[in-house]
$ cat work.json   # JSON, C-alpha atoms
[["chain", "number", "residue", "atom", "x", "y", "z"],
["A", 1, "MET", "CA", -15.13, 5.38, -0.97],
["A", 2, "THR", "CA", -15.46, 3.70, -4.37],
["A", 3, "ILE", "CA", -13.78, 5.40, -7.32],
["A", 4, "LEU", "CA", -15.01, 4.65, -10.84],
["A", 5, "VAL", "CA", -12.47, 4.81, -13.69],
["A", 6, "THR", "CA", -13.85, 5.12, -17.21],
["A", 7, "GLY", "CA", -11.63, 4.36, -20.18],
["A", 8, "ALA", "CA", -10.20, 1.78, -17.81],
["A", 9, "THR", "CA", -8.32, -0.30, -20.38],
["A", 10, "GLY", "CA", -6.83, 2.66, -22.25],
["A", 11, "ASN", "CA", -3.27, 3.97, -22.05],
["A", 12, "VAL", "CA", -4.12, 6.45, -19.30],
["A", 13, "GLY", "CA", -6.95, 4.55, -17.58],
["A", 14, "ARG", "CA", -4.73, 1.62, -16.66],
["A", 15, "HIS", "CA", -2.29, 3.97, -14.96],
["A", 16, "VAL", "CA", -5.08, 5.75, -13.07],
["A", 17, "ILE", "CA", -6.18, 2.36, -11.76],
["A", 18, "ASP", "CA", -2.65, 1.28, -10.83],
["A", 19, "GLN", "CA", -2.03, 4.47, -8.88],
["A", 20, "LEU", "CA", -5.36, 4.26, -7.07],
["A", 21, "VAL", "CA", -4.77, 0.61, -6.14],
["A", 22, "ARG", "CA", -1.33, 1.51, -4.75],
["A", 23, "SER", "CA", -3.01, 4.22, -2.66],
["A", 24, "GLY", "CA", -5.40, 1.67, -1.18],
["A", 25, "ALA", "CA", -8.53, 2.94, -2.91],
["A", 26, "ARG", "CA", -11.52, 0.79, -3.73],
["A", 27, "VAL", "CA", -11.58, 0.88, -7.53],
["A", 28, "ARG", "CA", -14.29, 0.02, -10.03],
["A", 29, "ALA", "CA", -13.29, -0.12, -13.71],
["A", 30, "LEU", "CA", -15.73, 0.61, -16.54],
["A", 31, "THR", "CA", -15.15, -1.14, -19.85],
["A", 32, "ARG", "CA", -17.11, -2.41, -22.82],
["A", 33, "ASN", "CA", -15.22, -5.71, -22.62],
["A", 34, "PRO", "CA", -14.89, -6.87, -19.00],
["A", 35, "ALA", "CA", -13.75, -10.37, -19.98],
["A", 36, "THR", "CA", -10.57, -9.06, -21.62],
["A", 37, "ALA", "CA", -9.81, -6.16, -19.27],
["A", 38, "ASN", "CA", -6.79, -7.83, -17.58],
["A", 39, "LEU", "CA", -6.77, -5.48, -14.59],
["A", 40, "PRO", "CA", -5.47, -6.03, -11.03],
["A", 41, "GLN", "CA", -7.38, -8.67, -9.08],
["A", 42, "SER", "CA", -8.57, -6.19, -6.45],
["A", 43, "VAL", "CA", -10.34, -4.06, -9.08],
["A", 44, "GLU", "CA", -14.07, -4.56, -9.64],
["A", 45, "VAL", "CA", -14.55, -4.68, -13.42],
["A", 46, "VAL", "CA", -18.01, -3.77, -14.74],
["A", 47, "TYR", "CA", -19.63, -3.31, -18.13],
["A", 48, "GLY", "CA", -20.55, 0.15, -19.34],
["A", 49, "ASP", "CA", -20.58, 2.26, -22.49],
["A", 50, "LEU", "CA", -20.29, 6.05, -22.29],
["A", 51, "THR", "CA", -22.13, 6.38, -25.60],
["A", 52, "ASP", "CA", -25.10, 4.59, -23.96],
["A", 53, "PRO", "CA", -25.44, 6.38, -20.60],
["A", 54, "GLN", "CA", -28.15, 4.11, -19.20],
["A", 55, "THR", "CA", -25.54, 1.36, -18.94],
["A", 56, "LEU", "CA", -23.73, 3.52, -16.38],
["A", 57, "ALA", "CA", -26.40, 3.50, -13.67],
["A", 58, "PRO", "CA", -25.37, 0.15, -12.09],
["A", 59, "ALA", "CA", -21.68, 1.07, -12.35],
["A", 60, "LEU", "CA", -22.25, 4.34, -10.46],
["A", 61, "ASP", "CA", -23.93, 2.71, -7.46],
["A", 62, "GLY", "CA", -21.97, 3.69, -4.36],
["A", 63, "VAL", "CA", -19.40, 5.73, -6.29],
["A", 64, "THR", "CA", -18.20, 8.99, -4.72],
["A", 65, "ALA", "CA", -15.49, 9.96, -7.23],
["A", 66, "MET", "CA", -14.93, 9.30, -10.92],
["A", 67, "HIS", "CA", -12.25, 9.61, -13.57],
["A", 68, "LEU", "CA", -14.07, 10.49, -16.77],
["A", 69, "ILE", "CA", -12.83, 10.48, -20.34],
["A", 70, "THR", "CA", -14.55, 12.97, -22.62],
["A", 71, "PHE", "CA", -14.15, 11.15, -25.93],
["A", 72, "ASN", "CA", -15.31, 7.93, -27.52],
["A", 73, "GLY", "CA", -12.59, 5.33, -27.12],
["A", 74, "ALA", "CA", -13.54, 3.75, -30.45],
["A", 75, "ASP", "CA", -12.78, 6.73, -32.69],
["A", 76, "SER", "CA", -11.62, 9.51, -30.31],
["A", 77, "ALA", "CA", -14.60, 11.68, -31.25],
["A", 78, "PRO", "CA", -16.00, 13.93, -28.48],
["A", 79, "LEU", "CA", -18.75, 12.20, -26.51],
["A", 80, "GLN", "CA", -22.18, 13.70, -27.11],
["A", 81, "THR", "CA", -23.72, 12.22, -23.94],
["A", 82, "GLY", "CA", -22.31, 14.65, -21.39],
["A", 83, "ALA", "CA", -25.65, 15.85, -20.02],
["A", 84, "GLU", "CA", -26.87, 12.31, -19.36],
["A", 85, "ILE", "CA", -23.58, 11.23, -17.77],
["A", 86, "ALA", "CA", -23.48, 14.26, -15.45],
["A", 87, "ALA", "CA", -27.11, 13.78, -14.41],
["A", 88, "LEU", "CA", -26.57, 10.09, -13.62],
["A", 89, "ALA", "CA", -23.42, 10.87, -11.63],
["A", 90, "GLU", "CA", -25.19, 13.51, -9.54],
["A", 91, "LYS", "CA", -28.15, 11.22, -8.91],
["A", 92, "ALA", "CA", -25.81, 8.44, -7.76],
["A", 93, "GLY", "CA", -24.09, 10.73, -5.24],
["A", 94, "VAL", "CA", -20.78, 11.21, -7.03],
["A", 95, "ARG", "CA", -18.98, 14.19, -5.50],
["A", 96, "LYS", "CA", -15.82, 14.78, -7.53],
["A", 97, "VAL", "CA", -14.79, 14.13, -11.14],
["A", 98, "THR", "CA", -11.52, 14.34, -13.02],
["A", 99, "LEU", "CA", -11.93, 14.94, -16.75],
["A", 100, "LEU", "CA", -9.23, 13.90, -19.18],
["A", 101, "TRP", "CA", -9.11, 16.61, -21.82],
["A", 102, "SER", "CA", -9.40, 15.44, -25.43],
["A", 103, "GLY", "CA", -7.96, 18.58, -26.99],
["A", 104, "GLU", "CA", -11.03, 20.77, -27.09],
["A", 105, "ARG", "CA", -13.90, 21.69, -24.79],
["A", 106, "GLY", "CA", -16.89, 19.51, -25.66],
["A", 107, "PRO", "CA", -20.31, 18.36, -24.42],
["A", 108, "VAL", "CA", -18.96, 16.42, -21.45],
["A", 109, "GLU", "CA", -16.90, 19.32, -20.12],
["A", 110, "GLU", "CA", -19.82, 21.71, -20.56],
["A", 111, "ALA", "CA", -22.29, 19.41, -18.80],
["A", 112, "VAL", "CA", -20.01, 18.63, -15.86],
["A", 113, "GLU", "CA", -19.14, 22.30, -15.35],
["A", 114, "ALA", "CA", -22.86, 23.15, -15.31],
["A", 115, "SER", "CA", -23.61, 20.41, -12.76],
["A", 116, "GLY", "CA", -23.11, 20.26, -9.01],
["A", 117, "LEU", "CA", -20.07, 18.00, -9.37],
["A", 118, "GLU", "CA", -16.64, 19.09, -8.15],
["A", 119, "TRP", "CA", -14.69, 18.88, -11.40],
["A", 120, "THR", "CA", -10.99, 19.06, -12.17],
["A", 121, "HIS", "CA", -9.71, 19.26, -15.74],
["A", 122, "LEU", "CA", -6.54, 17.36, -16.64],
["A", 123, "GLN", "CA", -5.18, 18.93, -19.80],
["A", 124, "PRO", "CA", -2.09, 17.46, -21.47],
["A", 125, "PRO", "CA", -1.63, 19.65, -24.61],
["A", 126, "VAL", "CA", 1.31, 17.44, -25.63],
["A", 127, "GLU", "CA", 1.66, 14.01, -27.19],
["A", 128, "PHE", "CA", 1.71, 10.89, -25.03],
["A", 129, "MET", "CA", 4.96, 8.94, -24.91],
["A", 130, "SER", "CA", 3.00, 5.86, -25.96],
["A", 131, "ASN", "CA", 2.67, 7.45, -29.42],
["A", 132, "ALA", "CA", 6.19, 6.15, -30.03],
["A", 133, "ARG", "CA", 4.69, 2.67, -30.35],
["A", 134, "GLU", "CA", 3.59, 3.70, -33.83],
["A", 135, "TRP", "CA", 7.26, 3.38, -34.82],
["A", 136, "ALA", "CA", 7.66, -0.15, -33.49],
["A", 137, "GLU", "CA", 6.98, -2.09, -36.69],
["A", 138, "SER", "CA", 9.35, -0.09, -38.91],
["A", 139, "ILE", "CA", 12.03, -0.16, -36.20],
["A", 140, "ARG", "CA", 11.78, -3.93, -35.86],
["A", 141, "SER", "CA", 11.71, -4.59, -39.61],
["A", 142, "GLU", "CA", 13.97, -1.84, -41.00],
["A", 143, "GLY", "CA", 15.63, 0.01, -38.15],
["A", 144, "ILE", "CA", 14.09, 3.22, -39.53],
["A", 145, "VAL", "CA", 11.47, 5.78, -38.49],
["A", 146, "ARG", "CA", 9.60, 7.74, -41.16],
["A", 147, "HIS", "CA", 7.93, 10.90, -39.90],
["A", 148, "LEU", "CA", 6.84, 14.39, -40.85],
["A", 149, "ASN", "CA", 8.94, 17.39, -39.75],
["A", 150, "GLY", "CA", 11.74, 15.94, -37.66],
["A", 151, "GLN", "CA", 12.44, 19.23, -35.90],
["A", 152, "VAL", "CA", 8.98, 19.56, -34.39],
["A", 153, "LEU", "CA", 9.39, 19.87, -30.61],
["A", 154, "SER", "CA", 7.36, 18.14, -27.93],
["A", 155, "ALA", "CA", 7.25, 18.17, -24.14],
["A", 156, "MET", "CA", 5.74, 14.68, -24.34],
["A", 157, "ILE", "CA", 4.21, 13.16, -21.21],
["A", 158, "HIS", "CA", 4.33, 9.68, -19.71],
["A", 159, "GLU", "CA", 0.80, 8.30, -19.33],
["A", 160, "ALA", "CA", 1.68, 7.18, -15.78],
["A", 161, "ASP", "CA", 2.14, 10.83, -14.81],
["A", 162, "ILE", "CA", -1.39, 11.63, -15.95],
["A", 163, "GLY", "CA", -2.54, 8.63, -13.94],
["A", 164, "SER", "CA", -0.63, 9.84, -10.88],
["A", 165, "VAL", "CA", -2.15, 13.30, -11.09],
["A", 166, "ALA", "CA", -5.67, 11.89, -11.57],
["A", 167, "ALA", "CA", -5.29, 9.53, -8.60],
["A", 168, "THR", "CA", -3.95, 12.31, -6.37],
["A", 169, "VAL", "CA", -6.81, 14.64, -7.29],
["A", 170, "LEU", "CA", -9.41, 11.92, -6.69],
["A", 171, "MET", "CA", -7.93, 10.93, -3.32],
["A", 172, "GLU", "CA", -7.23, 14.43, -1.96],
["A", 173, "ASP", "CA", -9.25, 17.58, -1.39],
["A", 174, "GLY", "CA", -8.31, 21.03, -2.63],
["A", 175, "HIS", "CA", -8.45, 20.45, -6.39],
["A", 176, "ALA", "CA", -12.08, 21.29, -7.15],
["A", 177, "PHE", "CA", -12.86, 23.60, -10.08],
["A", 178, "LYS", "CA", -9.26, 23.76, -11.26],
["A", 179, "SER", "CA", -7.67, 23.03, -14.64],
["A", 180, "TYR", "CA", -4.22, 21.46, -14.63],
["A", 181, "THR", "CA", -2.01, 21.61, -17.73],
["A", 182, "LEU", "CA", 0.29, 18.59, -17.73],
["A", 183, "THR", "CA", 3.57, 18.12, -19.61],
["A", 184, "GLY", "CA", 6.67, 16.00, -19.47],
["A", 185, "PRO", "CA", 10.01, 17.24, -18.03],
["A", 186, "GLU", "CA", 11.90, 17.90, -21.29],
["A", 187, "VAL", "CA", 11.48, 19.19, -24.83],
["A", 188, "LEU", "CA", 12.52, 16.73, -27.54],
["A", 189, "SER", "CA", 12.71, 16.72, -31.33],
["A", 190, "ILE", "CA", 12.30, 13.47, -33.26],
["A", 191, "PRO", "CA", 16.09, 13.04, -33.65],
["A", 192, "ASP", "CA", 16.37, 13.54, -29.86],
["A", 193, "LYS", "CA", 13.84, 10.77, -29.30],
["A", 194, "LEU", "CA", 15.62, 8.46, -31.72],
["A", 195, "ARG", "CA", 18.98, 9.04, -30.01],
["A", 196, "LEU", "CA", 17.40, 7.94, -26.74],
["A", 197, "LEU", "CA", 15.75, 4.98, -28.42],
["A", 198, "SER", "CA", 19.02, 3.97, -30.11],
["A", 199, "ALA", "CA", 20.79, 4.09, -26.75],
["A", 200, "GLU", "CA", 18.10, 1.92, -25.15],
["A", 201, "LEU", "CA", 18.19, -0.67, -27.93],
["A", 202, "GLY", "CA", 21.95, -0.61, -28.40],
["A", 203, "ARG", "CA", 21.72, 0.01, -32.16],
["A", 204, "ASP", "CA", 21.29, 3.04, -34.41],
["A", 205, "ILE", "CA", 17.78, 3.87, -35.54],
["A", 206, "GLY", "CA", 17.63, 5.83, -38.79],
["A", 207, "PHE", "CA", 15.29, 8.69, -39.64],
["A", 208, "VAL", "CA", 13.61, 9.49, -42.96],
["A", 209, "GLU", "CA", 11.79, 12.81, -42.98],
["A", 210, "LEU", "CA", 8.54, 12.77, -44.95],
["A", 211, "SER", "CA", 7.10, 15.66, -46.92],
["A", 212, "ALA", "CA", 3.57, 16.78, -46.16],
["A", 213, "GLU", "CA", 2.28, 14.94, -49.24],
["A", 214, "GLU", "CA", 4.15, 11.76, -48.32],
["A", 215, "GLU", "CA", 2.64, 11.90, -44.83],
["A", 216, "ARG", "CA", -0.82, 12.42, -46.30],
["A", 217, "ALA", "CA", -0.37, 9.41, -48.58],
["A", 218, "LYS", "CA", 0.83, 7.25, -45.68],
["A", 219, "MET", "CA", -2.15, 8.22, -43.52],
["A", 220, "ARG", "CA", -4.63, 7.67, -46.35],
["A", 221, "GLN", "CA", -3.19, 4.21, -46.88],
["A", 222, "ALA", "CA", -3.81, 3.54, -43.19],
["A", 223, "GLY", "CA", -7.47, 4.49, -43.66],
["A", 224, "ILE", "CA", -7.35, 7.74, -41.69],
["A", 225, "GLN", "CA", -10.06, 10.33, -42.38],
["A", 226, "GLU", "CA", -9.17, 13.47, -44.34],
["A", 227, "ASP", "CA", -10.10, 15.87, -41.53],
["A", 228, "VAL", "CA", -7.77, 14.03, -39.17],
["A", 229, "ILE", "CA", -5.01, 14.07, -41.81],
["A", 230, "ASP", "CA", -5.47, 17.83, -42.25],
["A", 231, "TYR", "CA", -5.21, 18.34, -38.49],
["A", 232, "VAL", "CA", -2.06, 16.24, -38.10],
["A", 233, "VAL", "CA", -0.23, 17.80, -41.04],
["A", 234, "GLY", "CA", -1.26, 21.30, -39.98],
["A", 235, "TRP", "CA", -0.21, 20.71, -36.39],
["A", 236, "HIS", "CA", 3.26, 19.54, -37.43],
["A", 237, "ALA", "CA", 3.65, 22.54, -39.73],
["A", 238, "SER", "CA", 2.88, 24.97, -36.91],
["A", 239, "PRO", "CA", 2.62, 23.32, -33.48],
["A", 240, "PRO", "CA", 1.10, 25.41, -30.67],
["A", 241, "LYS", "CA", 3.66, 26.68, -28.20],
["A", 242, "GLU", "CA", 1.85, 24.82, -25.42],
["A", 243, "SER", "CA", 3.06, 21.57, -26.98],
["A", 244, "TYR", "CA", 6.71, 22.35, -26.31],
["A", 245, "GLN", "CA", 6.60, 24.22, -23.01],
["A", 246, "VAL", "CA", 7.68, 22.34, -19.88],
["A", 247, "LEU", "CA", 5.47, 22.97, -16.83],
["A", 248, "PRO", "CA", 6.08, 21.75, -13.25],
["A", 249, "THR", "CA", 2.46, 20.71, -12.66],
["A", 250, "VAL", "CA", 3.07, 16.97, -12.32],
["A", 251, "GLU", "CA", 5.64, 17.44, -9.58],
["A", 252, "GLN", "CA", 3.62, 20.15, -7.85],
["A", 253, "ILE", "CA", 0.60, 17.85, -7.51],
["A", 254, "THR", "CA", 2.20, 14.44, -6.99],
["A", 255, "GLY", "CA", 5.38, 15.45, -5.17],
["A", 256, "ARG", "CA", 7.61, 13.58, -7.64],
["A", 257, "PRO", "CA", 9.28, 14.70, -10.88],
["A", 258, "ALA", "CA", 7.62, 13.91, -14.18],
["A", 259, "ARG", "CA", 9.01, 10.78, -15.84],
["A", 260, "THR", "CA", 11.42, 11.13, -18.77],
["A", 261, "PHE", "CA", 11.18, 9.55, -22.21],
["A", 262, "ALA", "CA", 14.24, 7.45, -21.34],
["A", 263, "GLN", "CA", 12.26, 5.98, -18.44],
["A", 264, "TRP", "CA", 9.32, 5.22, -20.73],
["A", 265, "LEU", "CA", 11.64, 3.52, -23.23],
["A", 266, "ALA", "CA", 13.21, 1.35, -20.53],
["A", 267, "GLU", "CA", 9.73, 0.23, -19.47],
["A", 268, "ASN", "CA", 8.61, -0.47, -23.05],
["A", 269, "ARG", "CA", 11.84, -1.74, -24.63],
["A", 270, "GLU", "CA", 10.37, -5.11, -25.64],
["A", 271, "LYS", "CA", 7.90, -3.43, -28.01],
["A", 272, "PHE", "CA", 10.76, -2.38, -30.31],
["A", 273, "ILE", "CA", 12.79, -5.61, -30.47]]

$ encode --input "work.json" --output "structure tokens"
Amino acid sequence: MTILVTGATGNVGRHVIDQLVRSGARVRALTRNPATANLPQSVEVVYGDLTDPQTLAPALDGVTAMHLITFNGADSAPLQTGAEIAALAEKAGVRKVTLLWSGERGPVEEAVEASGLEWTHLQPPVEFMSNAREWAESIRSEGIVRHLNGQVLSAMIHEADIGSVAATVLMEDGHAFKSYTLTGPEVLSIPDKLRLLSAELGRDIGFVELSAEEERAKMRQAGIQEDVIDYVVGWHASPPKESYQVLPTVEQITGRPARTFAQWLAENREKFI
């Protein structure tokens, strides 16, 4: 059984691959830049672009299961090529597909659900722990984090837990036509996160709370589009309750507790020093 992982060099894709390799699976990784993929030696790395579905045909040869992202890795926009991707997967003999939810139901989800593929939705309605890397530069240079609404709560998830769930679903039966909502094991505010980060680094990290207008100005300076800015500011003003509810899904599927933010920080400490 060959399993194809799309988005292979992304934050989640790398963990999907690692978990599959540990399970002894034959893994093929799809990327637009095979030469710089830097994946385990046992992984077959192939070229492919989800925005150009015809490039997928060779990559799908002999594949029976696939981890599929539903958004364009370049700008995080929903992929518009769902119908073509689903048709190529069916033609190649793919049986099951995990879909990494991008925050809303789009063309890929619709096409896969309408196909003969056995789909499983992986839906993390919370932020990834890797988002904390956005703080790295200001922590290294100033020892400070600047952020909007410090009291916003998050049941943030470790990307490796998404990878573990995806690998389990792809390797086991019994998950077809199900949607799994994935969260981390704890609810944290920004000061909570910074206390954990301070403990990991052995020095106090300060916090400066930004107003909505200050956050907008910061994001504009970074070249972020206005619709994205509106979404981010609006989300922090009134986050959906799903973003701060802890669910046991990760442990139920993988048999091990979801990883904590302290664990993520220990693994990524060097990024902040």

$ residues_near_point --input "work.json" --point "(-15.3, 11.6, -27.1)" --cutoff "12 Å" --atoms "only C-alpha atoms" --output "PDB file with C-alpha atoms, in the frame of the given file"
ATOM      1  CA  THR A   6     -13.850   5.120 -17.210  1.00  0.00           C
ATOM      2  CA  GLY A   7     -11.630   4.360 -20.180  1.00  0.00           C
ATOM      3  CA  ASP A  49     -20.580   2.260 -22.490  1.00  0.00           C
ATOM      4  CA  LEU A  50     -20.290   6.050 -22.290  1.00  0.00           C
ATOM      5  CA  THR A  51     -22.130   6.380 -25.600  1.00  0.00           C
ATOM      6  CA  LEU A  68     -14.070  10.490 -16.770  1.00  0.00           C
ATOM      7  CA  ILE A  69     -12.830  10.480 -20.340  1.00  0.00           C
ATOM      8  CA  THR A  70     -14.550  12.970 -22.620  1.00  0.00           C
ATOM      9  CA  PHE A  71     -14.150  11.150 -25.930  1.00  0.00           C
ATOM     10  CA  ASN A  72     -15.310   7.930 -27.520  1.00  0.00           C
ATOM     11  CA  GLY A  73     -12.590   5.330 -27.120  1.00  0.00           C
ATOM     12  CA  ALA A  74     -13.540   3.750 -30.450  1.00  0.00           C
ATOM     13  CA  ASP A  75     -12.780   6.730 -32.690  1.00  0.00           C
ATOM     14  CA  SER A  76     -11.620   9.510 -30.310  1.00  0.00           C
ATOM     15  CA  ALA A  77     -14.600  11.680 -31.250  1.00  0.00           C
ATOM     16  CA  PRO A  78     -16.000  13.930 -28.480  1.00  0.00           C
ATOM     17  CA  LEU A  79     -18.750  12.200 -26.510  1.00  0.00           C
ATOM     18  CA  GLN A  80     -22.180  13.700 -27.110  1.00  0.00           C
ATOM     19  CA  THR A  81     -23.720  12.220 -23.940  1.00  0.00           C
ATOM     20  CA  GLY A  82     -22.310  14.650 -21.390  1.00  0.00           C
ATOM     21  CA  LEU A  99     -11.930  14.940 -16.750  1.00  0.00           C
ATOM     22  CA  LEU A 100      -9.230  13.900 -19.180  1.00  0.00           C
ATOM     23  CA  TRP A 101      -9.110  16.610 -21.820  1.00  0.00           C
ATOM     24  CA  SER A 102      -9.400  15.440 -25.430  1.00  0.00           C
ATOM     25  CA  GLY A 103      -7.960  18.580 -26.990  1.00  0.00           C
ATOM     26  CA  GLU A 104     -11.030  20.770 -27.090  1.00  0.00           C
ATOM     27  CA  ARG A 105     -13.900  21.690 -24.790  1.00  0.00           C
ATOM     28  CA  GLY A 106     -16.890  19.510 -25.660  1.00  0.00           C
ATOM     29  CA  PRO A 107     -20.310  18.360 -24.420  1.00  0.00           C
ATOM     30  CA  VAL A 108     -18.960  16.420 -21.450  1.00  0.00           C
ATOM     31  CA  GLU A 109     -16.900  19.320 -20.120  1.00  0.00           C
TER      32      GLU A 109
END

$ atom_distance --input "work.json" --atom1 "atom CA of Arg216 of chain A" --atom2 "atom CA of Leu188 of chain A"
23.4 Å

$ closest_residue --input "work.json" --among "A:Glu90, A:Pro40, A:Ile85, A:Gln221" --to "Val63 of chain A" --atoms "all atoms listed in the file"
A:Glu90

$ atom_distance --input "work.json" --atom1 "atom CA of Arg133 of chain A" --atom2 "atom CA of Thr260 of chain A"
15.8 Å

$ closest_atom_pairs --input "work.json" --of "segment 92-119 of chain A" --to "segment 150-172 of chain A" --cutoff "10 Å" --atoms "all atoms listed in the file" --output "JSON lines"
{"residue": "A:Arg95", "atom": "CA", "partner": "A:Leu170", "partner_atom": "CA", "distance": 9.9}
{"residue": "A:Lys96", "atom": "CA", "partner": "A:Leu170", "partner_atom": "CA", "distance": 7.1}
{"residue": "A:Val97", "atom": "CA", "partner": "A:Leu170", "partner_atom": "CA", "distance": 7.3}
{"residue": "A:Thr98", "atom": "CA", "partner": "A:Ala166", "partner_atom": "CA", "distance": 6.5}
{"residue": "A:Leu99", "atom": "CA", "partner": "A:Ala166", "partner_atom": "CA", "distance": 8.7}
{"residue": "A:Leu100", "atom": "CA", "partner": "A:Ala166", "partner_atom": "CA", "distance": 8.6}
{"residue": "A:Trp119", "atom": "CA", "partner": "A:Val169", "partner_atom": "CA", "distance": 9.8}

$ closest_atom_pairs --input "work.json" --of "segment 199-240 of chain A" --to "segment 137-142 of chain A" --cutoff "12 Å" --atoms "only C-alpha atoms" --output "tab-separated table"
residue	atom	partner	partner_atom	distance
A:Leu201	CA	A:Ile139	CA	10.3
A:Arg203	CA	A:Ile139	CA	10.5
A:Asp204	CA	A:Ile139	CA	10.0
A:Ile205	CA	A:Ile139	CA	7.1
A:Gly206	CA	A:Ile139	CA	8.6
A:Phe207	CA	A:Ile139	CA	10.0
A:Val208	CA	A:Ser138	CA	11.2

$ residues_near_point --input "work.json" --point "(-16.0, 3.1, -12.5)" --cutoff "9 Å" --atoms "all atoms listed in the file" --output "VMD selection string"
chain A and resid 2 to 8 27 to 31 44 to 46 48 56 59 to 60 63 65 to 68

$ write_last_selection --input "work.json" --atoms "C-alpha atoms" --output "compact mmCIF listing (two decimals), in the coordinates of the input"
# COMPACT_ATOMS: atom_id res chain seq x y z
CA THR A 2 -15.46 3.70 -4.37
CA ILE A 3 -13.78 5.40 -7.32
CA LEU A 4 -15.01 4.65 -10.84
CA VAL A 5 -12.47 4.81 -13.69
CA THR A 6 -13.85 5.12 -17.21
CA GLY A 7 -11.63 4.36 -20.18
CA ALA A 8 -10.20 1.78 -17.81
CA VAL A 27 -11.58 0.88 -7.53
CA ARG A 28 -14.29 0.02 -10.03
CA ALA A 29 -13.29 -0.12 -13.71
CA LEU A 30 -15.73 0.61 -16.54
CA THR A 31 -15.15 -1.14 -19.85
CA GLU A 44 -14.07 -4.56 -9.64
CA VAL A 45 -14.55 -4.68 -13.42
CA VAL A 46 -18.01 -3.77 -14.74
CA GLY A 48 -20.55 0.15 -19.34
CA LEU A 56 -23.73 3.52 -16.38
CA ALA A 59 -21.68 1.07 -12.35
CA LEU A 60 -22.25 4.34 -10.46
CA VAL A 63 -19.40 5.73 -6.29
CA ALA A 65 -15.49 9.96 -7.23
CA MET A 66 -14.93 9.30 -10.92
CA HIS A 67 -12.25 9.61 -13.57
CA LEU A 68 -14.07 10.49 -16.77

$ closest_residue --input "work.json" --among "A:Pro53, A:Pro185, A:Gly10, A:Gly62" --to "Asn38 of chain A" --atoms "only C-alpha atoms"
A:Gly10

$ atom_distance --input "work.json" --atom1 "atom CA of Phe272 of chain A" --atom2 "atom CA of Ala136 of chain A"
5.0 Å

$ residues_around --input "work.json" --residues "segment 232-246 of chain A" --least-positions-apart "6" --cutoff "12 Å" --atoms "all atoms listed in the file" --output "PyMOL selection string"
chain A and resi 103+123-128+147-157+181-190+210-219+224-226+257-258+260

$ closest_residue --input "work.json" --among "A:Asn33, A:Gly93, A:Val228, A:Gly202" --to "Gly143 of chain A" --atoms "only C-alpha atoms"
A:Gly202
